[in-house]
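Asks: Structure file target30.pdb (PDB, C-alpha atoms, pLDDT in the B column) is given on the next line.
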```pdb
ATOM      1  CA  MET A   1      -2.684   6.403  37.621  1.00 81.00           C
ATOM      2  CA  PRO A   2      -3.963   3.989  34.942  1.00 79.00           C
ATOM      3  CA  ALA A   3      -2.328   0.614  34.384  1.00 82.00           C
ATOM      4  CA  PRO A   4       0.200   0.441  31.560  1.00 86.00           C
ATOM      5  CA  VAL A   5      -1.145  -0.585  28.178  1.00 86.00           C
ATOM      6  CA  ALA A   6      -0.440  -4.237  27.417  1.00 88.00           C
ATOM      7  CA  THR A   7       1.600  -4.844  24.264  1.00 82.00           C
ATOM      8  CA  ALA A   8      -1.023  -7.231  22.869  1.00 86.00           C
ATOM      9  CA  ASP A   9      -3.769  -4.621  23.370  1.00 84.00           C
ATOM     10  CA  PHE A  10      -1.678  -1.945  21.667  1.00 81.00           C
ATOM     11  CA  ILE A  11      -0.950  -4.212  18.676  1.00 80.00           C
ATOM     12  CA  ALA A  12      -4.617  -5.201  18.366  1.00 83.00           C
ATOM     13  CA  ALA A  13      -5.693  -1.560  18.341  1.00 85.00           C
ATOM     14  CA  MET A  14      -2.993  -0.599  15.820  1.00 79.00           C
ATOM     15  CA  ARG A  15      -4.203  -3.303  13.422  1.00 82.00           C
ATOM     16  CA  ARG A  16      -7.351  -1.222  12.975  1.00 79.00           C
ATOM     17  CA  THR A  17      -5.436   1.733  11.583  1.00 76.00           C
ATOM     18  CA  VAL A  18      -5.109   2.178   7.837  1.00 81.00           C
ATOM     19  CA  ALA A  19      -1.639   2.810   6.445  1.00 85.00           C
ATOM     20  CA  ALA A  20      -0.110   3.303   3.028  1.00 91.00           C
ATOM     21  CA  VAL A  21       2.434   0.633   2.117  1.00 95.00           C
ATOM     22  CA  SER A  22       6.007   1.357   1.035  1.00 97.00           C
ATOM     23  CA  VAL A  23       9.127  -0.608   0.266  1.00 98.00           C
ATOM     24  CA  VAL A  24      12.225   1.067   1.682  1.00 98.00           C
ATOM     25  CA  THR A  25      15.401   0.193  -0.222  1.00 97.00           C
ATOM     26  CA  THR A  26      19.115   0.859   0.089  1.00 97.00           C
ATOM     27  CA  ASP A  27      22.244   0.029  -1.869  1.00 97.00           C
ATOM     28  CA  GLY A  28      25.947   0.695  -1.433  1.00 97.00           C
ATOM     29  CA  ALA A  29      29.020  -0.770   0.238  1.00 97.00           C
ATOM     30  CA  ALA A  30      26.867  -2.765   2.692  1.00 97.00           C
ATOM     31  CA  GLY A  31      24.788  -4.321  -0.085  1.00 94.00           C
ATOM     32  CA  ARG A  32      21.337  -4.050  -1.572  1.00 95.00           C
ATOM     33  CA  PHE A  33      18.425  -4.497   0.808  1.00 95.00           C
ATOM     34  CA  GLY A  34      14.737  -3.693   0.982  1.00 95.00           C
ATOM     35  CA  VAL A  35      11.879  -4.102   3.417  1.00 97.00           C
ATOM     36  CA  THR A  36       8.130  -3.462   3.428  1.00 96.00           C
ATOM     37  CA  VAL A  37       7.034  -0.769   5.881  1.00 96.00           C
ATOM     38  CA  SER A  38       3.784   0.943   6.752  1.00 91.00           C
ATOM     39  CA  ALA A  39       5.273   3.623   8.990  1.00 93.00           C
ATOM     40  CA  VAL A  40       6.652   6.433   6.819  1.00 95.00           C
ATOM     41  CA  SER A  41       5.979  10.119   7.045  1.00 95.00           C
ATOM     42  CA  SER A  42       7.151  13.467   5.839  1.00 95.00           C
ATOM     43  CA  VAL A  43       9.071  15.326   8.524  1.00 95.00           C
ATOM     44  CA  SER A  44       9.543  18.676   6.837  1.00 94.00           C
ATOM     45  CA  ALA A  45       8.848  20.378   3.524  1.00 94.00           C
ATOM     46  CA  GLU A  46      11.682  22.902   3.939  1.00 96.00           C
ATOM     47  CA  PRO A  47      14.062  21.195   3.751  1.00 97.00           C
ATOM     48  CA  PRO A  48      12.269  18.121   2.370  1.00 98.00           C
ATOM     49  CA  MET A  49      12.768  15.259   4.839  1.00 98.00           C
ATOM     50  CA  MET A  50      11.246  11.803   5.311  1.00 98.00           C
ATOM     51  CA  LEU A  51      11.027   9.380   8.231  1.00 97.00           C
ATOM     52  CA  CYS A  52      10.673   5.610   8.060  1.00 97.00           C
ATOM     53  CA  CYS A  53      10.335   3.197  10.968  1.00 97.00           C
ATOM     54  CA  ILE A  54      11.855  -0.276  10.612  1.00 97.00           C
ATOM     55  CA  HIS A  55      11.876  -3.067  13.193  1.00 95.00           C
ATOM     56  CA  HIS A  56      15.303  -3.067  14.811  1.00 95.00           C
ATOM     57  CA  LEU A  57      15.833  -6.777  14.003  1.00 94.00           C
ATOM     58  CA  SER A  58      15.285  -6.272  10.269  1.00 94.00           C
ATOM     59  CA  PRO A  59      18.315  -7.240   8.199  1.00 93.00           C
ATOM     60  CA  ALA A  60      17.845  -3.942   6.318  1.00 94.00           C
ATOM     61  CA  CYS A  61      18.719  -1.708   9.301  1.00 96.00           C
ATOM     62  CA  ALA A  62      22.495  -2.125   9.427  1.00 96.00           C
ATOM     63  CA  PRO A  63      23.009  -1.817   5.643  1.00 97.00           C
ATOM     64  CA  LEU A  64      20.729   1.219   5.455  1.00 97.00           C
ATOM     65  CA  GLU A  65      22.759   2.923   8.143  1.00 97.00           C
ATOM     66  CA  LYS A  66      26.110   1.934   6.609  1.00 97.00           C
ATOM     67  CA  ASN A  67      25.074   2.837   3.047  1.00 98.00           C
ATOM     68  CA  GLY A  68      23.761   6.196   4.237  1.00 98.00           C
ATOM     69  CA  VAL A  69      21.007   6.281   1.612  1.00 98.00           C
ATOM     70  CA  PHE A  70      17.484   4.974   1.227  1.00 98.00           C
ATOM     71  CA  CYS A  71      14.485   5.279  -1.063  1.00 98.00           C
ATOM     72  CA  VAL A  72      10.880   5.208   0.128  1.00 98.00           C
ATOM     73  CA  ASN A  73       8.901   3.576  -2.693  1.00 98.00           C
ATOM     74  CA  LEU A  74       5.188   4.219  -2.082  1.00 97.00           C
ATOM     75  CA  LEU A  75       3.323   1.272  -3.592  1.00 97.00           C
ATOM     76  CA  SER A  76       0.271   1.474  -5.817  1.00 94.00           C
ATOM     77  CA  GLU A  77      -2.843  -0.644  -5.376  1.00 92.00           C
ATOM     78  CA  LYS A  78      -1.509  -3.119  -7.975  1.00 93.00           C
ATOM     79  CA  GLN A  79       1.682  -3.909  -6.035  1.00 95.00           C
ATOM     80  CA  SER A  80       0.535  -6.067  -3.130  1.00 94.00           C
ATOM     81  CA  GLU A  81       2.782  -8.900  -4.357  1.00 95.00           C
ATOM     82  CA  VAL A  82       5.837  -6.599  -4.215  1.00 96.00           C
ATOM     83  CA  SER A  83       4.867  -5.794  -0.639  1.00 95.00           C
ATOM     84  CA  ARG A  84       4.481  -9.466   0.239  1.00 94.00           C
ATOM     85  CA  VAL A  85       7.882 -10.348  -1.232  1.00 95.00           C
ATOM     86  CA  PHE A  86       9.703  -7.587   0.671  1.00 95.00           C
ATOM     87  CA  ALA A  87       7.806  -8.459   3.861  1.00 93.00           C
ATOM     88  CA  GLY A  88       8.970 -12.083   3.583  1.00 89.00           C
ATOM     89  CA  GLN A  89       5.385 -13.316   3.108  1.00 87.00           C
ATOM     90  CA  ALA A  90       5.953 -14.551  -0.460  1.00 85.00           C
ATOM     91  CA  ALA A  91       8.883 -16.300  -2.079  1.00 81.00           C
ATOM     92  CA  ALA A  92      11.310 -14.206  -4.078  1.00 77.00           C
ATOM     93  CA  PRO A  93      10.655 -15.030  -7.751  1.00 74.00           C
ATOM     94  CA  GLY A  94      14.206 -15.180  -9.123  1.00 67.00           C
ATOM     95  CA  GLU A  95      17.863 -15.897  -8.619  1.00 65.00           C
ATOM     96  CA  ARG A  96      18.697 -12.373  -7.422  1.00 71.00           C
ATOM     97  CA  GLY A  97      16.171 -12.527  -4.605  1.00 83.00           C
ATOM     98  CA  LYS A  98      13.506  -9.995  -3.688  1.00 92.00           C
ATOM     99  CA  PHE A  99      14.505  -7.463  -6.317  1.00 94.00           C
ATOM    100  CA  ASP A 100      13.461  -9.843  -9.119  1.00 93.00           C
ATOM    101  CA  CYS A 101       9.792  -9.177  -8.306  1.00 92.00           C
ATOM    102  CA  ALA A 102       9.791  -5.810 -10.129  1.00 94.00           C
ATOM    103  CA  LYS A 103      11.785  -3.507 -12.403  1.00 95.00           C
ATOM    104  CA  TRP A 104      14.160  -1.080 -10.688  1.00 97.00           C
ATOM    105  CA  GLY A 105      16.196   1.995 -11.459  1.00 97.00           C
ATOM    106  CA  VAL A 106      17.970   4.717  -9.489  1.00 97.00           C
ATOM    107  CA  LEU A 107      17.500   8.452  -9.040  1.00 96.00           C
ATOM    108  CA  VAL A 108      20.294  10.380  -7.266  1.00 97.00           C
ATOM    109  CA  THR A 109      21.603   8.364  -4.292  1.00 98.00           C
ATOM    110  CA  GLY A 110      21.887   4.941  -5.920  1.00 97.00           C
ATOM    111  CA  ALA A 111      19.179   3.423  -3.709  1.00 98.00           C
ATOM    112  CA  PRO A 112      16.826   1.244  -5.789  1.00 98.00           C
ATOM    113  CA  VAL A 113      13.654   2.955  -6.984  1.00 98.00           C
ATOM    114  CA  LEU A 114      10.742   1.007  -8.419  1.00 97.00           C
ATOM    115  CA  ALA A 115      10.233   1.671 -12.125  1.00 95.00           C
ATOM    116  CA  GLU A 116       6.491   1.737 -11.411  1.00 94.00           C
ATOM    117  CA  MET A 117       5.372   3.200  -8.088  1.00 95.00           C
ATOM    118  CA  LEU A 118       2.949   5.765  -6.750  1.00 96.00           C
ATOM    119  CA  SER A 119       5.741   8.040  -5.480  1.00 97.00           C
ATOM    120  CA  ALA A 120       9.413   7.660  -4.650  1.00 98.00           C
ATOM    121  CA  PHE A 121      11.495   9.691  -2.205  1.00 98.00           C
ATOM    122  CA  ASP A 122      15.243   9.216  -2.690  1.00 98.00           C
ATOM    123  CA  CYS A 123      17.028  10.166   0.539  1.00 98.00           C
ATOM    124  CA  THR A 124      20.417  10.700   2.120  1.00 98.00           C
ATOM    125  CA  LEU A 125      20.403   9.459   5.717  1.00 98.00           C
ATOM    126  CA  VAL A 126      20.520  12.256   8.295  1.00 98.00           C
ATOM    127  CA  GLY A 127      20.148  10.134  11.413  1.00 96.00           C
ATOM    128  CA  ARG A 128      18.966   6.977  13.115  1.00 97.00           C
ATOM    129  CA  HIS A 129      17.106   6.983  16.414  1.00 96.00           C
ATOM    130  CA  ASP A 130      16.154   3.799  18.266  1.00 96.00           C
ATOM    131  CA  TYR A 131      12.891   3.703  20.205  1.00 94.00           C
ATOM    132  CA  GLY A 132      11.482   0.501  21.675  1.00 92.00           C
ATOM    133  CA  THR A 133      11.314  -2.161  18.988  1.00 92.00           C
ATOM    134  CA  HIS A 134      11.974   0.148  16.031  1.00 95.00           C
ATOM    135  CA  ALA A 135      14.707   2.192  14.414  1.00 97.00           C
ATOM    136  CA  LEU A 136      13.606   5.553  13.035  1.00 98.00           C
ATOM    137  CA  PHE A 137      15.553   6.637   9.982  1.00 98.00           C
ATOM    138  CA  VAL A 138      15.385  10.297   8.960  1.00 98.00           C
ATOM    139  CA  GLY A 139      16.526  11.304   5.508  1.00 98.00           C
ATOM    140  CA  HIS A 140      16.997  14.443   3.445  1.00 98.00           C
ATOM    141  CA  VAL A 141      15.057  14.035   0.191  1.00 98.00           C
ATOM    142  CA  GLU A 142      17.444  14.399  -2.748  1.00 98.00           C
ATOM    143  CA  ALA A 143      14.959  13.504  -5.513  1.00 98.00           C
ATOM    144  CA  VAL A 144      11.325  12.541  -6.001  1.00 98.00           C
ATOM    145  CA  ARG A 145       9.440  10.720  -8.714  1.00 97.00           C
ATOM    146  CA  GLU A 146       5.713  10.468  -9.201  1.00 96.00           C
ATOM    147  CA  GLY A 147       3.920   7.540 -10.786  1.00 95.00           C
ATOM    148  CA  ALA A 148       0.268   6.742 -11.383  1.00 91.00           C
ATOM    149  CA  GLY A 149      -2.525   4.906  -9.643  1.00 91.00           C
ATOM    150  CA  MET A 150      -4.046   4.710  -6.202  1.00 92.00           C
ATOM    151  CA  PRO A 151      -2.160   3.866  -2.980  1.00 94.00           C
ATOM    152  CA  LEU A 152      -1.914   0.336  -1.645  1.00 93.00           C
ATOM    153  CA  LEU A 153      -3.433   0.347   1.839  1.00 92.00           C
ATOM    154  CA  TYR A 154      -2.955  -2.054   4.748  1.00 89.00           C
ATOM    155  CA  SER A 155      -5.289  -2.706   7.687  1.00 83.00           C
ATOM    156  CA  ARG A 156      -6.259  -5.737   9.759  1.00 85.00           C
ATOM    157  CA  ARG A 157      -3.520  -7.797   8.114  1.00 84.00           C
ATOM    158  CA  SER A 158      -4.874  -7.361   4.593  1.00 86.00           C
ATOM    159  CA  TYR A 159      -4.420  -5.092   1.599  1.00 85.00           C
ATOM    160  CA  GLY A 160      -6.978  -2.781   0.057  1.00 84.00           C
ATOM    161  CA  LYS A 161      -7.401   0.344  -2.007  1.00 78.00           C
ATOM    162  CA  PRO A 162      -9.276   3.578  -1.415  1.00 79.00           C
ATOM    163  CA  GLU A 163     -12.836   3.379  -2.649  1.00 74.00           C
ATOM    164  CA  LEU A 164     -13.818   7.003  -2.163  1.00 60.00           C
ATOM    165  CA  TRP A 165     -11.964  10.289  -2.384  1.00 54.00           C
ATOM    166  CA  PHE A 166     -13.489  13.394  -0.855  1.00 43.00           C
TER     167      PHE A 166
END
```
Could you render the structure as structure tokens?
Replies:
Amino acid sequence: MPAPVATADFIAAMRRTVAAVSVVTTDGAAGRFGVTVSAVSSVSAEPPMMLCCIHHLSPACAPLEKNGVFCVNLLSEKQSEVSRVFAGQAAAPGERGKFDCAKWGVLVTGAPVLAEMLSAFDCTLVGRHDYGTHALFVGHVEAVREGAGMPLLYSRRSYGKPELWF
């Protein structure tokens, strides 16, 4: 039987993957929160469902669960600063905190949706599942919005954009 994979080796290998970047937001009785994530995925088309993975120590986890809603805001190539702000890598630009870095609206659930984004998936929380260091949030998609541009990509601790489409 092979030796278990060391955490550091796993993280180093995962840094080589390329992921789209999203900001997951929530609002409601527990407050308004948002966090940058690179682990989101569709779960089902019928019914439409999304999954997002957030580190279990993130201050967004408890409010997202209590509010029962979230929006996956897929960022465009021009929004690396929004990603940095919601990842805690850049200072929030205004008095209201992170949300001052962009214009926001709402769709159906009341979770903040970026006025300009590549796509937005407004969700009602179906369930939370904890695995290792992350909480997996599954949501039923209540509304979508499409924007313009190319996706913001993340790999090897830096941002990029797709150069070629096949």
Asks: For the atom pair CA of Gln79 (chain A) and CA of Pro151 (chain A), what is the interatomic distance in Å to one decimal place?
Replies: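 Between CA of Gln79 (chain A) and CA of Pro151 (chain A) the gap is 9.2 Å.
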Asks: Could you tell me which residues the PyMOL selection byres ((chain A and resi 5-16) around 10) grabs in this file, written as a PyMOL selection string?
Replies: chain A and resi 2-4+17-19+154-158
Asks: Would you work out the distance separating CA of Glu81 (chain A) from CA of Cys52 (chain A), expressed in Å to one decimal?
Replies: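 Between CA of Glu81 (chain A) and CA of Cys52 (chain A) the gap is 20.7 Å.
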Asks: Starting from the shown file, work through the PyMOL selection byres ((chain A and resi 23) around 8) and note down what comes out as JSON, numbers by chain.
Replies: {"A": [21, 22, 24, 25, 34, 35, 36, 37, 72, 73, 74, 75, 83, 86]}
Asks: Could you check which of A:Val69, A:Ala92, A:Leu107, A:Ala143 is closest to Thr124 (chain A), using only C-alpha atoms?
Replies: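 Among the listed residues, the smallest separation from Thr124 (chain A) belongs to A:Val69.
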Asks: CA of Phe70 (chain A) to CA of Ala135 (chain A): how many Å, to one decimal?
Replies: 13.8 Å
Asks: Would you mind completing region 102-122 of chain A to N, CA and C atoms and writing the output as an mmCIF file, in the coordinates of the input?
Replies:
```cif
data_model
loop_
_atom_site.group_PDB
_atom_site.id
_atom_site.type_symbol
_atom_site.label_atom_id
_atom_site.label_comp_id
_atom_site.auth_asym_id
_atom_site.auth_seq_id
_atom_site.Cartn_x
_atom_site.Cartn_y
_atom_site.Cartn_z
ATOM 1 N N ALA A 102 10.197 -7.036 -9.441
ATOM 2 C CA ALA A 102 9.791 -5.810 -10.129
ATOM 3 C C ALA A 102 10.981 -5.239 -10.890
ATOM 4 N N LYS A 103 10.716 -4.212 -11.694
ATOM 5 C CA LYS A 103 11.785 -3.507 -12.403
ATOM 6 C C LYS A 103 12.246 -2.335 -11.545
ATOM 7 N N TRP A 104 13.568 -2.082 -11.552
ATOM 8 C CA TRP A 104 14.160 -1.080 -10.688
ATOM 9 C C TRP A 104 15.056 -0.138 -11.472
ATOM 10 N N GLY A 105 15.251 1.023 -10.938
ATOM 11 C CA GLY A 105 16.196 1.995 -11.459
ATOM 12 C C GLY A 105 16.816 2.723 -10.281
ATOM 13 N N VAL A 106 17.429 3.865 -10.545
ATOM 14 C CA VAL A 106 17.970 4.717 -9.489
ATOM 15 C C VAL A 106 17.653 6.159 -9.846
ATOM 16 N N LEU A 107 17.664 7.013 -8.829
ATOM 17 C CA LEU A 107 17.500 8.452 -9.040
ATOM 18 C C LEU A 107 18.844 9.127 -8.782
ATOM 19 N N VAL A 108 19.073 9.637 -7.571
ATOM 20 C CA VAL A 108 20.294 10.380 -7.266
ATOM 21 C C VAL A 108 21.249 9.588 -6.374
ATOM 22 N N THR A 109 20.734 8.963 -5.315
ATOM 23 C CA THR A 109 21.603 8.364 -4.292
ATOM 24 C C THR A 109 22.127 6.981 -4.641
ATOM 25 N N GLY A 110 21.515 6.316 -5.599
ATOM 26 C CA GLY A 110 21.887 4.941 -5.920
ATOM 27 C C GLY A 110 21.015 3.911 -5.233
ATOM 28 N N ALA A 111 20.127 4.346 -4.331
ATOM 29 C CA ALA A 111 19.179 3.423 -3.709
ATOM 30 C C ALA A 111 18.163 2.988 -4.768
ATOM 31 N N PRO A 112 17.764 1.712 -4.776
ATOM 32 C CA PRO A 112 16.826 1.244 -5.789
ATOM 33 C C PRO A 112 15.467 1.945 -5.707
ATOM 34 N N VAL A 113 14.982 2.357 -6.873
ATOM 35 C CA VAL A 113 13.654 2.955 -6.984
ATOM 36 C C VAL A 113 12.837 2.098 -7.949
ATOM 37 N N LEU A 114 11.620 1.789 -7.555
ATOM 38 C CA LEU A 114 10.742 1.007 -8.419
ATOM 39 C C LEU A 114 10.480 1.764 -9.714
ATOM 40 N N ALA A 115 10.528 1.045 -10.834
ATOM 41 C CA ALA A 115 10.233 1.671 -12.125
ATOM 42 C C ALA A 115 8.782 2.134 -12.157
ATOM 43 N N GLU A 116 7.896 1.354 -11.530
ATOM 44 C CA GLU A 116 6.491 1.737 -11.411
ATOM 45 C C GLU A 116 6.155 1.813 -9.924
ATOM 46 N N MET A 117 5.723 2.973 -9.477
ATOM 47 C CA MET A 117 5.372 3.200 -8.088
ATOM 48 C C MET A 117 4.401 4.366 -8.048
ATOM 49 N N LEU A 118 3.822 4.613 -6.891
ATOM 50 C CA LEU A 118 2.949 5.765 -6.750
ATOM 51 C C LEU A 118 3.777 7.030 -6.569
ATOM 52 N N SER A 119 4.771 6.961 -5.688
ATOM 53 C CA SER A 119 5.741 8.040 -5.480
ATOM 54 C C SER A 119 7.025 7.420 -4.963
ATOM 55 N N ALA A 120 8.131 8.099 -5.200
ATOM 56 C CA ALA A 120 9.413 7.660 -4.650
ATOM 57 C C ALA A 120 10.130 8.865 -4.063
ATOM 58 N N PHE A 121 10.755 8.651 -2.914
ATOM 59 C CA PHE A 121 11.495 9.691 -2.205
ATOM 60 C C PHE A 121 12.908 9.157 -1.979
ATOM 61 N N ASP A 122 13.854 9.668 -2.733
ATOM 62 C CA ASP A 122 15.243 9.216 -2.690
ATOM 63 C C ASP A 122 15.987 10.068 -1.663
#
```
